[in-house]
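Visitor: Here you go, this is data00.txt (compact mmCIF, C-alpha atoms (C1' of nucleotides)).
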```txt
# COMPACT_ATOMS: atom_id res chain seq x y z
CA MET A 16 -20.01 -3.00 -17.65
CA LYS A 17 -17.09 -0.81 -18.65
CA LEU A 18 -13.97 -1.15 -16.52
CA THR A 19 -11.11 1.36 -16.83
CA VAL A 20 -7.80 0.15 -15.46
CA ALA A 21 -4.64 2.23 -15.00
CA THR A 22 -1.01 1.82 -14.02
CA TYR A 23 0.93 4.79 -12.68
CA ASN A 24 4.41 5.06 -11.20
CA ILE A 25 3.60 7.93 -8.87
CA ASN A 26 7.16 8.44 -7.51
CA SER A 27 6.09 9.37 -3.95
CA ILE A 28 2.39 9.34 -3.11
CA ARG A 29 3.13 11.93 -0.42
CA VAL A 30 4.31 14.53 -2.91
CA ARG A 31 1.68 13.70 -5.52
CA LEU A 32 -1.46 12.97 -3.47
CA PRO A 33 -3.12 16.27 -4.53
CA LEU A 34 -2.32 15.50 -8.16
CA LEU A 35 -3.61 11.92 -7.75
CA LEU A 36 -6.88 13.06 -6.13
CA ARG A 37 -7.50 15.61 -8.88
CA TRP A 38 -6.77 12.97 -11.52
CA LEU A 39 -9.10 10.39 -9.90
CA GLU A 40 -11.85 13.00 -9.81
CA ALA A 41 -11.31 13.96 -13.45
CA VAL A 42 -10.76 10.52 -15.02
CA HIS A 43 -12.67 8.21 -12.62
CA PRO A 44 -10.60 5.10 -13.35
CA ASP A 45 -12.10 1.96 -11.78
CA VAL A 46 -8.78 0.36 -10.86
CA VAL A 47 -5.48 2.19 -10.37
CA CYS A 48 -2.23 0.32 -9.74
CA LEU A 49 0.49 2.50 -8.25
CA GLN A 50 4.22 1.93 -7.98
CA GLU A 51 6.95 3.74 -6.04
CA THR A 52 4.55 5.07 -3.42
CA LYS A 53 7.63 5.42 -1.16
CA VAL A 54 5.68 5.32 2.10
CA GLN A 55 5.43 2.86 4.94
CA ASP A 56 1.91 1.51 5.45
CA ASN A 57 1.25 3.80 8.45
CA ASP A 58 1.81 6.82 6.20
CA PHE A 59 -0.32 5.62 3.28
CA PRO A 60 -3.11 8.18 2.67
CA ALA A 61 -5.88 5.59 2.99
CA LEU A 62 -8.50 7.94 4.45
CA GLU A 63 -8.22 10.51 1.68
CA LEU A 64 -8.41 7.82 -1.01
CA ARG A 65 -11.36 6.12 0.66
CA LYS A 66 -13.12 9.48 0.77
CA ALA A 67 -12.49 9.73 -2.96
CA GLY A 68 -14.41 6.47 -3.40
CA TYR A 69 -11.66 3.87 -3.54
CA ASP A 70 -11.10 0.58 -1.77
CA MET A 71 -7.44 -0.34 -1.66
CA ALA A 72 -4.59 -2.67 -0.83
CA PHE A 73 -1.06 -1.38 -0.33
CA CYS A 74 2.35 -2.45 0.84
CA GLY A 75 5.27 -0.12 1.28
CA GLN A 76 8.63 0.32 2.97
CA LYS A 77 10.87 3.18 4.00
CA SER A 78 12.33 5.33 1.17
CA TYR A 79 11.98 2.95 -1.79
CA ASN A 80 9.46 0.91 -3.76
CA GLY A 81 5.88 0.56 -2.50
CA VAL A 82 2.85 -0.62 -4.48
CA ALA A 83 -0.90 -0.11 -4.17
CA ILE A 84 -4.15 -1.11 -5.84
CA LEU A 85 -6.98 1.42 -5.68
CA SER A 86 -10.41 0.32 -6.85
CA ARG A 87 -13.94 1.67 -6.98
CA HIS A 88 -15.00 -1.99 -6.58
CA LEU A 89 -13.88 -4.17 -3.65
CA VAL A 90 -10.29 -5.38 -3.71
CA ARG A 91 -10.52 -9.03 -2.67
CA GLY A 92 -7.89 -11.43 -1.38
CA ALA A 93 -4.90 -9.11 -1.67
CA ARG A 94 -1.55 -10.86 -1.24
CA PHE A 95 1.82 -9.17 -1.15
CA GLY A 96 4.99 -10.41 -2.79
CA PHE A 97 6.05 -13.88 -3.89
CA ASP A 98 5.61 -17.01 -1.76
CA SER A 99 9.34 -17.70 -1.95
CA GLU A 100 12.18 -15.55 -0.63
CA PRO A 101 12.92 -12.79 -1.26
CA LYS A 102 9.22 -11.99 -1.21
CA ASP A 103 9.57 -8.38 -2.38
CA ARG A 104 6.28 -7.46 -0.74
CA SER A 105 6.61 -3.80 -1.72
CA ARG A 106 7.01 -4.68 -5.42
CA LEU A 107 4.10 -7.05 -6.02
CA ILE A 108 0.39 -7.16 -5.17
CA THR A 109 -1.92 -9.93 -6.32
CA ALA A 110 -5.67 -9.46 -5.84
CA THR A 111 -9.10 -9.86 -7.45
CA VAL A 112 -11.47 -7.09 -8.54
CA CYS A 113 -14.88 -7.94 -10.06
CA GLY A 114 -13.68 -11.53 -10.57
CA ILE A 115 -10.67 -10.33 -12.55
CA GLY A 116 -7.19 -11.18 -11.31
CA ILE A 117 -5.06 -8.08 -10.82
CA VAL A 118 -1.28 -8.40 -10.60
CA ASN A 119 0.44 -5.08 -9.94
CA SER A 120 4.21 -5.23 -10.17
CA TYR A 121 7.15 -2.87 -9.83
CA VAL A 122 9.81 -4.91 -11.60
CA PRO A 123 13.39 -4.26 -10.39
CA GLN A 124 15.15 -1.76 -12.64
CA GLY A 125 18.45 -3.64 -12.75
CA ARG A 126 20.87 -0.71 -12.34
CA SER A 127 23.48 -1.89 -14.89
CA PRO A 128 24.05 -5.02 -16.99
CA ASP A 129 26.94 -6.15 -14.77
CA HIS A 130 25.13 -5.50 -11.47
CA GLU A 131 23.66 -8.30 -9.39
CA MET A 132 20.33 -6.41 -9.45
CA TYR A 133 20.18 -7.05 -13.20
CA THR A 134 20.48 -10.81 -12.64
CA TYR A 135 17.86 -10.37 -9.93
CA LYS A 136 15.58 -8.57 -12.41
CA LEU A 137 15.78 -11.41 -14.95
CA ALA A 138 15.13 -13.99 -12.23
CA TRP A 139 12.27 -11.86 -10.88
CA LEU A 140 10.46 -12.15 -14.21
CA GLY A 141 10.96 -15.92 -14.15
CA ARG A 142 9.51 -16.01 -10.65
CA LEU A 143 6.56 -13.95 -11.79
CA ARG A 144 5.71 -16.53 -14.47
CA LYS A 145 5.77 -19.25 -11.78
CA HIS A 146 3.61 -16.99 -9.61
CA LEU A 147 1.01 -16.76 -12.40
CA GLU A 148 1.18 -20.48 -13.15
CA ALA A 149 0.57 -21.33 -9.49
CA ARG A 150 -2.47 -19.05 -9.05
CA PHE A 151 -4.19 -18.48 -12.37
CA SER A 152 -5.05 -20.06 -15.67
CA PRO A 153 -4.55 -18.22 -18.96
CA ASP A 154 -8.21 -19.09 -19.63
CA GLU A 155 -9.29 -16.85 -16.75
CA PRO A 156 -9.57 -13.05 -16.85
CA LEU A 157 -6.34 -11.59 -15.52
CA ILE A 158 -4.52 -8.27 -15.90
CA TRP A 159 -0.79 -7.97 -15.28
CA LEU A 160 0.24 -4.36 -15.12
CA GLY A 161 2.77 -2.04 -13.62
CA ASP A 162 6.16 -0.46 -14.09
CA PHE A 163 8.02 -3.31 -15.76
CA ASN A 164 11.22 -1.31 -16.34
CA ILE A 165 11.24 -2.87 -19.81
CA ALA A 166 10.82 -1.24 -23.21
CA PRO A 167 10.02 -4.37 -25.26
CA GLU A 168 10.51 -3.08 -28.81
CA PRO A 169 12.61 -0.49 -30.66
CA ILE A 170 9.49 1.69 -31.07
CA ASP A 171 9.24 1.81 -27.28
CA VAL A 172 12.36 3.97 -26.87
CA TYR A 173 13.37 7.30 -28.41
CA ASP A 174 16.74 6.10 -29.72
CA PRO A 175 16.99 2.29 -29.99
CA LYS A 176 20.54 2.38 -31.36
CA ARG A 177 21.91 4.51 -28.57
CA LEU A 178 19.96 2.76 -25.81
CA SER A 179 20.58 -0.81 -26.97
CA GLY A 180 22.10 -2.77 -24.10
CA HIS A 181 20.46 -0.68 -21.40
CA VAL A 182 19.00 -2.79 -18.55
CA CYS A 183 15.53 -1.69 -19.64
CA PHE A 184 16.08 -2.23 -23.37
CA ASN A 185 18.00 -5.26 -24.63
CA PRO A 186 17.22 -8.69 -26.18
CA GLN A 187 17.78 -10.52 -22.89
CA VAL A 188 15.26 -8.51 -20.90
CA THR A 189 12.77 -8.59 -23.79
CA GLU A 190 13.16 -12.38 -23.86
CA ALA A 191 12.58 -12.55 -20.10
CA LEU A 192 9.37 -10.55 -20.58
CA ASN A 193 8.32 -12.81 -23.47
CA GLU A 194 8.76 -15.83 -21.20
CA VAL A 195 6.04 -14.36 -19.01
CA LYS A 196 3.85 -13.30 -21.94
CA THR A 197 3.92 -16.77 -23.55
CA TRP A 198 2.07 -18.07 -20.48
CA GLY A 199 -0.90 -16.34 -22.10
CA LEU A 200 -0.77 -12.55 -21.99
CA VAL A 201 -1.41 -9.89 -24.62
CA ASP A 202 -0.02 -6.33 -24.58
CA VAL A 203 -3.34 -4.48 -24.43
CA PHE A 204 -1.78 -1.07 -25.11
CA ARG A 205 -0.03 -2.25 -28.29
CA LYS A 206 -3.17 -4.03 -29.43
CA HIS A 207 -4.88 -0.64 -29.69
CA VAL A 208 -1.99 1.74 -30.33
CA PRO A 209 0.55 0.66 -32.96
CA ASP A 210 2.23 4.09 -33.17
CA GLU A 211 5.79 4.89 -32.21
CA GLY A 212 6.57 7.76 -29.84
CA GLN A 213 4.08 6.56 -27.22
CA TYR A 214 6.05 6.95 -24.00
CA SER A 215 5.12 6.57 -20.34
CA PHE A 216 8.45 7.67 -18.85
CA TYR A 217 10.89 10.54 -19.27
CA ASP A 218 14.07 10.59 -17.18
CA TYR A 219 14.14 13.69 -14.94
CA ARG A 220 17.86 13.96 -15.72
CA ALA A 221 17.36 14.44 -19.44
CA LYS A 222 17.00 18.19 -19.98
CA ASP A 223 13.73 19.14 -21.72
CA GLY A 224 13.02 15.43 -22.17
CA VAL A 225 9.38 15.83 -23.12
CA GLU A 226 10.12 18.58 -25.68
CA ARG A 227 12.99 16.53 -27.12
CA GLY A 228 10.93 13.34 -27.02
CA THR A 229 13.49 11.31 -25.06
CA GLY A 230 10.90 8.90 -23.69
CA TRP A 231 10.46 5.24 -22.90
CA ARG A 232 7.41 2.97 -22.76
CA VAL A 233 8.16 0.91 -19.68
CA ASP A 234 4.72 0.89 -18.01
CA HIS A 235 2.43 -1.80 -19.30
CA ILE A 236 -1.05 -3.34 -19.21
CA LEU A 237 -1.25 -6.96 -20.31
CA ALA A 238 -4.26 -9.26 -20.14
CA THR A 239 -5.11 -12.89 -20.75
CA GLY A 240 -6.52 -13.58 -24.24
CA THR A 241 -10.26 -13.60 -23.62
CA LEU A 242 -10.05 -10.45 -21.52
CA ALA A 243 -7.76 -8.71 -24.02
CA GLU A 244 -10.45 -9.42 -26.63
CA LYS A 245 -12.84 -7.41 -24.46
CA SER A 246 -10.55 -4.39 -24.28
CA SER A 247 -11.95 -1.48 -26.22
CA ARG A 248 -9.31 1.25 -25.84
CA ALA A 249 -5.87 1.99 -24.38
CA TRP A 250 -3.98 5.25 -23.98
CA ILE A 251 -1.26 7.13 -22.15
CA ASP A 252 -2.48 10.11 -20.15
CA VAL A 253 0.10 12.61 -21.37
CA ASP A 254 -1.89 15.44 -19.78
CA LEU A 255 -0.34 14.61 -16.40
CA ARG A 256 3.03 15.79 -17.72
CA THR A 257 1.70 19.33 -17.97
CA GLN A 258 0.52 19.42 -14.34
CA GLU A 259 2.45 20.96 -11.49
CA LYS A 260 5.12 18.63 -10.07
CA PRO A 261 4.56 15.74 -12.47
CA SER A 262 6.03 12.29 -11.85
CA ASP A 263 8.70 11.09 -14.29
CA HIS A 264 6.03 8.56 -15.36
CA VAL A 265 2.47 9.15 -16.56
CA PRO A 266 -0.49 6.76 -16.29
CA VAL A 267 -1.20 4.09 -18.89
CA LEU A 268 -4.89 3.16 -19.12
CA ALA A 269 -7.12 0.57 -20.76
CA THR A 270 -10.85 -0.01 -20.81
CA PHE A 271 -12.50 -3.43 -20.81
CA GLU A 272 -16.13 -4.33 -21.56
CA VAL A 273 -16.80 -7.02 -18.99
C1' DA B 9 30.86 7.88 -22.27
C1' DT B 10 29.07 11.15 -18.99
C1' DG B 11 25.86 13.87 -16.69
C1' DG B 12 21.71 15.55 -15.90
C1' DT B 13 16.98 15.95 -11.79
C1' DC B 14 14.15 14.36 -8.54
C1' DG B 15 12.41 12.06 -3.75
C1' DG B 16 13.63 10.40 0.55
C1' DC B 17 15.95 11.72 4.17
C1' DA B 18 19.47 13.73 6.42
C1' DA B 19 24.70 11.36 3.52
C1' DC B 20 24.19 9.74 -0.22
C1' DC B 21 21.06 5.90 -2.64
C1' DG B 22 18.03 4.73 -6.37
C1' DA B 23 15.93 5.77 -10.86
```
Write the structure described by the file as structure tokens, please.

Guide:
Amino acid sequence: MKLTVATYNINSIRVRLPLLLRWLEAVHPDVVCLQETKVQDNDFPALELRKAGYDMAFCGQKSYNGVAILSRHLVRGARFGFDSEPKDRSRLITATVCGIGIVNSYVPQGRSPDHEMYTYKLAWLGRLRKHLEARFSPDEPLIWLGDFNIAPEPIDVYDPKRLSGHVCFNPQVTEALNEVKTWGLVDVFRKHVPDEGQYSFYDYRAKDGVERGTGWRVDHILATGTLAEKSSRAWIDVDLRTQEKPSDHVPVLATFEV
DNA sequence: ATGGTCGGCAACCGA
């Protein structure tokens, strides 16, 4: 069976529900992990998404953050956040779909290198590794995906010299990501697409960002080794940038033959 | 180095 999995920072599911529904209809992804839904659970558009054929798990809060897993197959055993405090329930969902572990995360951005949120970001990644260690084995099929707020390599940003030291692009944050990856995860997108200039995010504040190519690859799909071996394709759906009212992010997708 | 644009939500905060 072919399974298409996507991660998409939707930046308000309220504003972009019509766009999301059109995209689901057109692309038919099996599993979609959303970040920055920016709605409390009472306001999550569960009925509309169920009508579109998706089971789901979601956890939001007022104004900020908010994550969701949509799936054409049942979402089983969804858990929100870490076990330890602060749980960050609206940044992390752990569930199972078709016997595959799904970990959807909206990693803290970090604000600035001297801000406490940056320390929090680095610690958050350490906690995520513990989270994986406690629940899964690298021998099992697992996908970790989401908005990581990390561009791991120079080819993942438009100007590595200028951006070096940014909270989303520096050796420390790359190392923190590698500490999670060495548990047993492979970057499924990079496995299939070695090219530079493959970006999932353009800052709204950068004028004509898409035309000027001022992008970042901060949204990721990683998988444990045996599952990564079964991945057949990965891509960034740049078409969503040309739609009306696009998010500052676009979806990253991968297909698995499971 | 700074500022730029969005979304949420009603003044600025976060990205």

Visitor: Tell me as a PyMOL selection string which residues belonging to chain A come within 7 Å of chain B, counting only C-alpha atoms (C1' of nucleotides).

Guide: chain A and resi 27+78+219-222

Visitor: Which residue gives the smallest distance to Leu200 of chain A among A:Asn164, A:Thr241, A:Gln76, A:Thr109, with only C-alpha atoms counted?

Guide: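 Nearest to Leu200 of chain A: A:Thr241.
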
Visitor: Determine the nearest neighbour of Ala149 of chain A from the options A:Gln55, A:Ser127, A:Trp198, A:Ala191, counting all atoms listed in the file.

Guide: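 Of A:Gln55, A:Ser127, A:Trp198, A:Ala191, the one nearest Ala149 of chain A is A:Trp198, counting all atoms listed in the file.
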
Visitor: Work out how far atom CA of Ala41 of chain A is from atom CA of Leu64 of chain A, in Å to one decimal.

Guide: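 Atom-to-atom, atom CA of Leu64 of chain A and atom CA of Ala41 of chain A are spaced 14.2 Å apart.
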
Visitor: Have a look at atom CA of Arg177 of chain A and atom CA of Leu143 of chain A and let me know their distance in Å, one decimal.

Guide: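 Taking atom CA of Arg177 of chain A and atom CA of Leu143 of chain A, their separation equals 29.3 Å.
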
Visitor: Give me the residues near segment 128-132 of chain A as a list of chain:residue names, where near means some atom within 10 Å (using all atoms listed in the file) and where sequence neighbours in that chain fewer than 6 positions away do not count.

Guide: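 Counting all atoms listed in the file, the residues come to A:Ala138, A:Trp139, A:Gly180, A:His181, A:Val182, A:Cys183, A:Asn185.
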
Visitor: Per residue of segment 41-101 of chain A within 12 Å of segment 250-265 of chain A, what are the shortest atom pair and its distance in Å to one decimal, counting all atoms listed in the file, with rows by chain and residue number, as a tab-separated table?

Guide:
```
residue	atom	partner	partner_atom	distance
A:Ala41	CA	A:Leu255	CA	11.4
A:Val42	CA	A:Asp252	CA	9.7
A:Pro44	CA	A:Asp252	CA	11.7
A:Leu49	CA	A:Val265	CA	10.8
A:Gln50	CA	A:His264	CA	10.1
A:Glu51	CA	A:Ser262	CA	10.4
A:Thr52	CA	A:Ser262	CA	11.2
```

Visitor: With only C-alpha atoms (C1' of nucleotides) counted, which protein, DNA or RNA residues have an atom no more than 10 Å from (-7.8, -22.1, -20.0) in the file frame? Please answer as a ChimeraX atom specification.

Guide: /A:151-156,199,239-241

Visitor: Atom CA of Asp162 of chain A to atom CA of Lys66 of chain A: how many Å, to one decimal?

Guide: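 Separation of atom CA of Asp162 of chain A and atom CA of Lys66 of chain A: 26.3 Å.
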
Visitor: If you take every atom of segment 12-22 of chain B that the file lists and fit an axis-aligned box around them with 5 Å extra on each side, what centre and edge lengths come out in Å to one decimal, as lines of an AutoDock Vina configuration file?

Guide:
```
center_x = 18.6
center_y = 10.3
center_z = -4.7
size_x = 22.3
size_y = 21.2
size_z = 32.3
```

Visitor: Between A:Pro33, A:Gly161, A:Gly141, A:Pro175, single out the one closest to Glu211 of chain A, counting only C-alpha atoms.

Guide: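 Ranked by minimum distance to Glu211 of chain A, first place goes to A:Pro175.
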
Visitor: Nearest to Val82 of chain A: which of A:Lys102, A:His146, A:Arg94, A:Lys53 is it, counting all atoms listed in the file?

Guide: A:Lys53

Visitor: So, with only C-alpha atoms as the atoms that count, which of A:Lys196, A:Arg144, A:Lys17, A:Arg232 lies closest to Phe216 of chain A?

Guide: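 Using only C-alpha atoms, the shortest distance to Phe216 of chain A belongs to A:Arg232.
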
Visitor: Taking the block above, write segment 148-160 of chain A with N, CA and C atoms as a JSON list (two decimals), in the first residue's frame.

Guide:
```
[["chain", "number", "residue", "atom", "x", "y", "z"],
["A", 148, "GLU", "N", 12.76, 7.72, 22.82],
["A", 148, "GLU", "CA", 13.39, 6.59, 23.50],
["A", 148, "GLU", "C", 12.40, 5.86, 24.39],
["A", 149, "ALA", "N", 11.52, 6.62, 25.06],
["A", 149, "ALA", "CA", 10.60, 6.03, 26.03],
["A", 149, "ALA", "C", 9.45, 5.27, 25.35],
["A", 150, "ARG", "N", 9.12, 5.63, 24.11],
["A", 150, "ARG", "CA", 7.92, 5.08, 23.47],
["A", 150, "ARG", "C", 8.16, 4.18, 22.29],
["A", 151, "PHE", "N", 9.29, 4.37, 21.62],
["A", 151, "PHE", "CA", 9.52, 3.68, 20.35],
["A", 151, "PHE", "C", 10.91, 3.07, 20.31],
["A", 152, "SER", "N", 11.07, 2.17, 19.34],
["A", 152, "SER", "CA", 12.40, 1.64, 19.04],
["A", 152, "SER", "C", 12.76, 2.09, 17.63],
["A", 153, "PRO", "N", 14.03, 2.38, 17.39],
["A", 153, "PRO", "CA", 14.43, 2.75, 16.03],
["A", 153, "PRO", "C", 14.24, 1.62, 15.03],
["A", 154, "ASP", "N", 13.96, 0.41, 15.53],
["A", 154, "ASP", "CA", 13.68, -0.73, 14.65],
["A", 154, "ASP", "C", 12.23, -0.74, 14.17],
["A", 155, "GLU", "N", 11.39, 0.09, 14.79],
["A", 155, "GLU", "CA", 9.98, 0.13, 14.43],
["A", 155, "GLU", "C", 9.72, 1.25, 13.41],
["A", 156, "PRO", "N", 8.65, 1.11, 12.63],
["A", 156, "PRO", "CA", 8.32, 2.20, 11.69],
["A", 156, "PRO", "C", 7.80, 3.43, 12.42],
["A", 157, "LEU", "N", 8.48, 4.54, 12.22],
["A", 157, "LEU", "CA", 8.10, 5.79, 12.88],
["A", 157, "LEU", "C", 8.44, 6.96, 11.97],
["A", 158, "ILE", "N", 7.55, 7.94, 11.94],
["A", 158, "ILE", "CA", 7.81, 9.18, 11.20],
["A", 158, "ILE", "C", 7.78, 10.34, 12.17],
["A", 159, "TRP", "N", 8.85, 11.12, 12.19],
["A", 159, "TRP", "CA", 8.87, 12.37, 12.96],
["A", 159, "TRP", "C", 8.83, 13.50, 11.95],
["A", 160, "LEU", "N", 7.82, 14.32, 12.05],
["A", 160, "LEU", "CA", 7.68, 15.39, 11.07],
["A", 160, "LEU", "C", 7.07, 16.64, 11.71]]
```
